[in-house]
Amino acid sequence: MAERILTEEMENAIRALFPRYPTRQAVTLPALHIVLEKLRYVPPQAVVEIAGLLELAPSQVQDTLSFYGIFPQDKPHGRTRVWVCRSISCALRGSDELLQQLCESAGISPGGTTGDGRVTIEIAECLGACEHAPCMLANDELHHCITREQGEAFLRGLK
């Protein structure tokens, strides 16, 4: 039997959601977010355990997980997760160059995580802030009208 992934705290947080949703299946996405917040990824064993709590087949949980690009399964994302927008507005204002520069400075490719686990840099299709192009989302903070210099300063400021 595989080692348990979900802690008692995570399980209790998931169970606490049951009264708020019409079905257990509706708790799938919030449950995935709970695991992602604690572990910075959702390993396959967590999918099995979530399915057990929600009385679903693991494939049902996996379907939800794989639909969204925010849930890594193979390894944790960095402590800071940076999403660089590549919508048409951001691309026209230099987001491709910003992405390339951030990745080069961090020594990783898009979707990669630095060896020290400090940062993951990813591509976002749209961050919904076209009037502030180019923009990036770092964890929960939107950075808008970002220049390459500001991107460099942001990376240097990460601890």
# chains A, B, ... in the order shown; residues from 1 in each chain; ligands from 1

call {"tool": "select_by_dssp", "arguments": {"residues": "segment 43-124 of chain A", "states": "strand (DSSP E)", "output": "list in words"}}
result
Thr80, Arg81, Val82, Trp83, Val84, Cys85, Val119, Thr120, Ile121, Glu122, Ile123 and Ala124 of chain A

call {"tool": "write_last_selection", "arguments": {"atoms": "C-alpha atoms", "output": "compact mmCIF listing (two decimals), in the first residue's frame"}}
result
# COMPACT_ATOMS: atom_id res chain seq x y z
CA THR A 80 6.88 31.47 -5.95
CA ARG A 81 4.91 30.54 -9.03
CA VAL A 82 5.19 33.11 -11.80
CA TRP A 83 2.74 33.11 -14.69
CA VAL A 84 3.66 35.33 -17.66
CA CYS A 85 0.65 36.26 -19.76
CA VAL A 119 10.58 29.84 -8.43
CA THR A 120 8.60 28.21 -11.21
CA ILE A 121 7.99 30.23 -14.38
CA GLU A 122 4.98 29.30 -16.48
CA ILE A 123 2.99 30.60 -19.42
CA ALA A 124 -0.55 31.88 -18.89

call {"tool": "residues_around", "arguments": {"residues": "Ala46 of chain A", "least_positions_apart": "4", "cutoff": "8 Å", "atoms": "only C-alpha atoms", "output": "ChimeraX atom specification"}}
result
/A:4-6,35,42,50

call {"tool": "residues_around", "arguments": {"residues": "Arg118 of chain A", "least_positions_apart": "4", "cutoff": "10 Å", "atoms": "only C-alpha atoms", "output": "JSON, numbers by chain"}}
result
{"A": [77, 78, 79, 80, 81, 106, 113, 114, 155, 158, 159]}

call {"tool": "write_last_selection", "arguments": {"atoms": "C-alpha atoms", "output": "JSON list (two decimals), in the first residue's frame"}}
result
[["chain", "number", "residue", "atom", "x", "y", "z"],
["A", 77, "HIS", "CA", 6.14, 23.97, -8.13],
["A", 78, "GLY", "CA", 8.42, 26.64, -6.73],
["A", 79, "ARG", "CA", 7.65, 28.60, -3.60],
["A", 80, "THR", "CA", 6.88, 31.47, -5.95],
["A", 81, "ARG", "CA", 4.91, 30.54, -9.03],
["A", 106, "ALA", "CA", 16.45, 31.84, -13.51],
["A", 113, "THR", "CA", 11.45, 25.18, -11.45],
["A", 114, "THR", "CA", 14.80, 26.38, -10.17],
["A", 155, "LEU", "CA", 13.56, 37.68, -9.48],
["A", 158, "LEU", "CA", 12.89, 36.46, -4.23],
["A", 159, "LYS", "CA", 14.38, 34.75, -1.20]]

call {"tool": "closest_residue", "arguments": {"among": "A:Ser66, A:Gln73, A:Gln25, A:Thr7", "to": "Glu49 of chain A", "atoms": "only C-alpha atoms"}}
result
A:Thr7

call {"tool": "closest_residue", "arguments": {"among": "A:Pro134, A:Pro76, A:Gly52, A:Pro110", "to": "Ser89 of chain A", "atoms": "only C-alpha atoms"}}
result
A:Pro134

call {"tool": "closest_residue", "arguments": {"among": "A:Ala153, A:Ile70, A:Ala133, A:Ile108", "to": "Ser95 of chain A", "atoms": "only C-alpha atoms"}}
result
A:Ala133

call {"tool": "residues_around", "arguments": {"residues": "Arg148 of chain A", "least_positions_apart": "2", "cutoff": "10 Å", "atoms": "only C-alpha atoms", "output": "list in words"}}
result
Gly94, Ser95, Glu97, Leu98, Leu99, Gln100, Gln101, Leu102, Cys145, Ile146, Gln150, Gly151, Glu152, Ala153 and Phe154 of chain A

call {"tool": "residues_around", "arguments": {"residues": "Leu54 of chain A", "least_positions_apart": "5", "cutoff": "12 Å", "atoms": "only C-alpha atoms", "output": "list in words"}}
result
Glu11, Ile14, Arg15, Ala16, Leu17, Phe18, Tyr21, Thr23, Arg24, Gln25, Ala26, Val27, Thr28, Leu29, Pro30, Ala31, Leu32, Val47, Val48, Glu49, Gln60 and Val61 of chain A

call {"tool": "residues_around", "arguments": {"residues": "Arg86 of chain A", "least_positions_apart": "4", "cutoff": "6 Å", "atoms": "only C-alpha atoms", "output": "PyMOL selection string"}}
result
chain A and resi 90-91+125

call {"tool": "select_by_dssp", "arguments": {"residues": "chain A", "states": "alpha helix (DSSP H)", "output": "ChimeraX atom specification"}}
result
/A:8-15,28-39,44-54,58-67,88-92,95-106,148-157

call {"tool": "atom_distance", "arguments": {"atom1": "atom CA of Phe71 of chain A", "atom2": "atom CA of His33 of chain A"}}
result
8.3 Å

call {"tool": "closest_residue", "arguments": {"among": "A:Gly112, A:Ser87, A:Glu55, A:Leu92", "to": "Pro72 of chain A", "atoms": "only C-alpha atoms"}}
result
A:Gly112

call {"tool": "atom_distance", "arguments": {"atom1": "atom CA of Gln62 of chain A", "atom2": "atom CA of Asn139 of chain A"}}
result
23.5 Å

call {"tool": "decode", "arguments": {"residues": "segment 5-159 of chain A", "atoms": "C-alpha atoms", "output": "mmCIF file, in the first residue's frame"}}
result
data_model
loop_
_atom_site.group_PDB
_atom_site.id
_atom_site.type_symbol
_atom_site.label_atom_id
_atom_site.label_comp_id
_atom_site.auth_asym_id
_atom_site.auth_seq_id
_atom_site.Cartn_x
_atom_site.Cartn_y
_atom_site.Cartn_z
ATOM 1 C CA ILE A 5 -0.326 11.801 1.155
ATOM 2 C CA LEU A 6 -3.265 13.643 2.685
ATOM 3 C CA THR A 7 -2.724 14.774 6.247
ATOM 4 C CA GLU A 8 -5.505 14.762 8.794
ATOM 5 C CA GLU A 9 -5.615 18.547 8.447
ATOM 6 C CA MET A 10 -6.148 18.309 4.676
ATOM 7 C CA GLU A 11 -8.804 15.626 5.049
ATOM 8 C CA ASN A 12 -10.651 17.693 7.663
ATOM 9 C CA ALA A 13 -10.514 20.767 5.428
ATOM 10 C CA ILE A 14 -11.985 18.748 2.549
ATOM 11 C CA ARG A 15 -14.717 17.243 4.742
ATOM 12 C CA ALA A 16 -15.590 20.724 6.021
ATOM 13 C CA LEU A 17 -16.571 21.601 2.446
ATOM 14 C CA PHE A 18 -19.209 18.861 2.151
ATOM 15 C CA PRO A 19 -22.134 20.920 3.541
ATOM 16 C CA ARG A 20 -21.330 23.820 1.193
ATOM 17 C CA TYR A 21 -21.743 21.829 -2.040
ATOM 18 C CA PRO A 22 -24.713 19.942 -3.506
ATOM 19 C CA THR A 23 -22.700 16.769 -4.220
ATOM 20 C CA ARG A 24 -19.389 15.243 -3.251
ATOM 21 C CA GLN A 25 -18.240 15.505 -6.866
ATOM 22 C CA ALA A 26 -18.673 19.276 -6.640
ATOM 23 C CA VAL A 27 -16.003 19.284 -3.898
ATOM 24 C CA THR A 28 -13.365 17.921 -6.307
ATOM 25 C CA LEU A 29 -11.895 21.238 -7.434
ATOM 26 C CA PRO A 30 -11.735 22.805 -3.943
ATOM 27 C CA ALA A 31 -10.151 19.589 -2.634
ATOM 28 C CA LEU A 32 -7.466 19.764 -5.312
ATOM 29 C CA HIS A 33 -6.770 23.363 -4.311
ATOM 30 C CA ILE A 34 -6.338 22.333 -0.674
ATOM 31 C CA VAL A 35 -3.741 19.736 -1.633
ATOM 32 C CA LEU A 36 -1.999 22.125 -4.038
ATOM 33 C CA GLU A 37 -1.779 24.806 -1.349
ATOM 34 C CA LYS A 38 -0.161 22.430 1.146
ATOM 35 C CA LEU A 39 2.104 20.366 -1.128
ATOM 36 C CA ARG A 40 2.589 22.696 -4.144
ATOM 37 C CA TYR A 41 1.574 19.775 -6.373
ATOM 38 C CA VAL A 42 -1.025 16.967 -6.511
ATOM 39 C CA PRO A 43 0.703 13.589 -6.637
ATOM 40 C CA PRO A 44 -1.172 10.606 -8.098
ATOM 41 C CA GLN A 45 -1.660 9.051 -4.641
ATOM 42 C CA ALA A 46 -3.450 12.236 -3.520
ATOM 43 C CA VAL A 47 -5.885 11.765 -6.420
ATOM 44 C CA VAL A 48 -6.688 8.288 -5.108
ATOM 45 C CA GLU A 49 -7.140 9.565 -1.560
ATOM 46 C CA ILE A 50 -9.335 12.491 -2.614
ATOM 47 C CA ALA A 51 -11.459 10.080 -4.640
ATOM 48 C CA GLY A 52 -11.878 7.905 -1.551
ATOM 49 C CA LEU A 53 -13.001 10.850 0.573
ATOM 50 C CA LEU A 54 -15.433 12.022 -2.086
ATOM 51 C CA GLU A 55 -16.690 8.499 -2.873
ATOM 52 C CA LEU A 56 -15.665 8.889 -6.513
ATOM 53 C CA ALA A 57 -13.535 6.893 -8.896
ATOM 54 C CA PRO A 58 -9.952 8.182 -9.103
ATOM 55 C CA SER A 59 -10.533 8.778 -12.819
ATOM 56 C CA GLN A 60 -13.229 11.326 -11.974
ATOM 57 C CA VAL A 61 -10.805 13.316 -9.811
ATOM 58 C CA GLN A 62 -8.076 12.938 -12.446
ATOM 59 C CA ASP A 63 -10.440 14.279 -15.127
ATOM 60 C CA THR A 64 -10.925 17.476 -13.136
ATOM 61 C CA LEU A 65 -7.231 17.765 -12.301
ATOM 62 C CA SER A 66 -6.072 17.301 -15.885
ATOM 63 C CA PHE A 67 -8.589 19.820 -17.239
ATOM 64 C CA TYR A 68 -6.850 22.671 -15.413
ATOM 65 C CA GLY A 69 -3.227 23.550 -16.106
ATOM 66 C CA ILE A 70 -2.562 24.759 -12.578
ATOM 67 C CA PHE A 71 -2.139 21.368 -10.893
ATOM 68 C CA PRO A 72 1.329 19.865 -11.380
ATOM 69 C CA GLN A 73 1.457 16.144 -10.609
ATOM 70 C CA ASP A 74 5.075 15.169 -11.069
ATOM 71 C CA LYS A 75 6.838 17.517 -8.634
ATOM 72 C CA PRO A 76 6.128 20.583 -6.498
ATOM 73 C CA HIS A 77 6.138 23.973 -8.128
ATOM 74 C CA GLY A 78 8.425 26.642 -6.732
ATOM 75 C CA ARG A 79 7.652 28.597 -3.597
ATOM 76 C CA THR A 80 6.876 31.466 -5.947
ATOM 77 C CA ARG A 81 4.912 30.539 -9.026
ATOM 78 C CA VAL A 82 5.192 33.111 -11.801
ATOM 79 C CA TRP A 83 2.738 33.112 -14.691
ATOM 80 C CA VAL A 84 3.664 35.329 -17.660
ATOM 81 C CA CYS A 85 0.652 36.255 -19.761
ATOM 82 C CA ARG A 86 0.848 35.624 -23.478
ATOM 83 C CA SER A 87 -2.492 36.998 -24.597
ATOM 84 C CA ILE A 88 -2.360 39.049 -27.766
ATOM 85 C CA SER A 89 -2.233 42.299 -25.779
ATOM 86 C CA CYS A 90 0.684 41.130 -23.657
ATOM 87 C CA ALA A 91 2.500 39.572 -26.609
ATOM 88 C CA LEU A 92 2.285 42.823 -28.548
ATOM 89 C CA ARG A 93 3.788 44.641 -25.564
ATOM 90 C CA GLY A 94 6.735 42.273 -25.052
ATOM 91 C CA SER A 95 5.619 39.358 -22.903
ATOM 92 C CA ASP A 96 7.516 36.818 -25.030
ATOM 93 C CA GLU A 97 10.748 38.705 -24.460
ATOM 94 C CA LEU A 98 9.911 39.081 -20.762
ATOM 95 C CA LEU A 99 9.296 35.342 -20.464
ATOM 96 C CA GLN A 100 12.546 34.530 -22.247
ATOM 97 C CA GLN A 101 14.524 36.901 -20.046
ATOM 98 C CA LEU A 102 12.982 35.616 -16.798
ATOM 99 C CA CYS A 103 13.690 32.024 -17.791
ATOM 100 C CA GLU A 104 17.271 32.806 -18.812
ATOM 101 C CA SER A 105 17.899 34.682 -15.562
ATOM 102 C CA ALA A 106 16.449 31.839 -13.511
ATOM 103 C CA GLY A 107 18.279 29.214 -15.584
ATOM 104 C CA ILE A 108 15.122 27.301 -16.483
ATOM 105 C CA SER A 109 12.743 26.759 -19.393
ATOM 106 C CA PRO A 110 9.079 27.781 -19.319
ATOM 107 C CA GLY A 111 7.298 25.384 -16.978
ATOM 108 C CA GLY A 112 10.524 24.733 -15.091
ATOM 109 C CA THR A 113 11.452 25.185 -11.451
ATOM 110 C CA THR A 114 14.796 26.376 -10.166
ATOM 111 C CA GLY A 115 16.936 23.735 -8.493
ATOM 112 C CA ASP A 116 16.497 25.390 -5.108
ATOM 113 C CA GLY A 117 12.686 25.322 -5.463
ATOM 114 C CA ARG A 118 12.560 29.106 -5.268
ATOM 115 C CA VAL A 119 10.583 29.843 -8.427
ATOM 116 C CA THR A 120 8.599 28.210 -11.214
ATOM 117 C CA ILE A 121 7.991 30.234 -14.377
ATOM 118 C CA GLU A 122 4.977 29.297 -16.484
ATOM 119 C CA ILE A 123 2.987 30.596 -19.423
ATOM 120 C CA ALA A 124 -0.551 31.876 -18.893
ATOM 121 C CA GLU A 125 -2.885 32.100 -21.846
ATOM 122 C CA CYS A 126 -4.595 35.153 -20.364
ATOM 123 C CA LEU A 127 -4.537 36.833 -16.971
ATOM 124 C CA GLY A 128 -7.492 39.086 -17.780
ATOM 125 C CA ALA A 129 -5.579 42.340 -17.383
ATOM 126 C CA CYS A 130 -5.110 43.376 -21.013
ATOM 127 C CA GLU A 131 -5.136 47.060 -20.166
ATOM 128 C CA HIS A 132 -2.015 46.462 -18.051
ATOM 129 C CA ALA A 133 -0.002 44.518 -20.635
ATOM 130 C CA PRO A 134 2.416 42.935 -20.295
ATOM 131 C CA CYS A 135 1.575 41.390 -16.967
ATOM 132 C CA MET A 136 2.577 38.495 -14.796
ATOM 133 C CA LEU A 137 1.016 36.820 -11.800
ATOM 134 C CA ALA A 138 3.344 35.851 -8.954
ATOM 135 C CA ASN A 139 1.462 33.595 -6.570
ATOM 136 C CA ASP A 140 -1.596 35.800 -5.913
ATOM 137 C CA GLU A 141 -0.105 39.172 -6.852
ATOM 138 C CA LEU A 142 -0.631 40.707 -10.295
ATOM 139 C CA HIS A 143 2.284 42.718 -11.653
ATOM 140 C CA HIS A 144 1.240 44.932 -14.541
ATOM 141 C CA CYS A 145 2.986 46.964 -17.230
ATOM 142 C CA ILE A 146 6.075 44.968 -16.296
ATOM 143 C CA THR A 147 9.342 45.843 -17.958
ATOM 144 C CA ARG A 148 12.265 43.489 -18.391
ATOM 145 C CA GLU A 149 14.126 45.467 -15.719
ATOM 146 C CA GLN A 150 11.220 45.094 -13.303
ATOM 147 C CA GLY A 151 11.098 41.370 -14.042
ATOM 148 C CA GLU A 152 14.820 41.090 -13.251
ATOM 149 C CA ALA A 153 14.378 43.073 -10.029
ATOM 150 C CA PHE A 154 11.467 40.831 -9.050
ATOM 151 C CA LEU A 155 13.561 37.679 -9.482
ATOM 152 C CA ARG A 156 16.473 39.164 -7.523
ATOM 153 C CA GLY A 157 14.065 40.041 -4.704
ATOM 154 C CA LEU A 158 12.887 36.459 -4.228
ATOM 155 C CA LYS A 159 14.377 34.754 -1.198
#
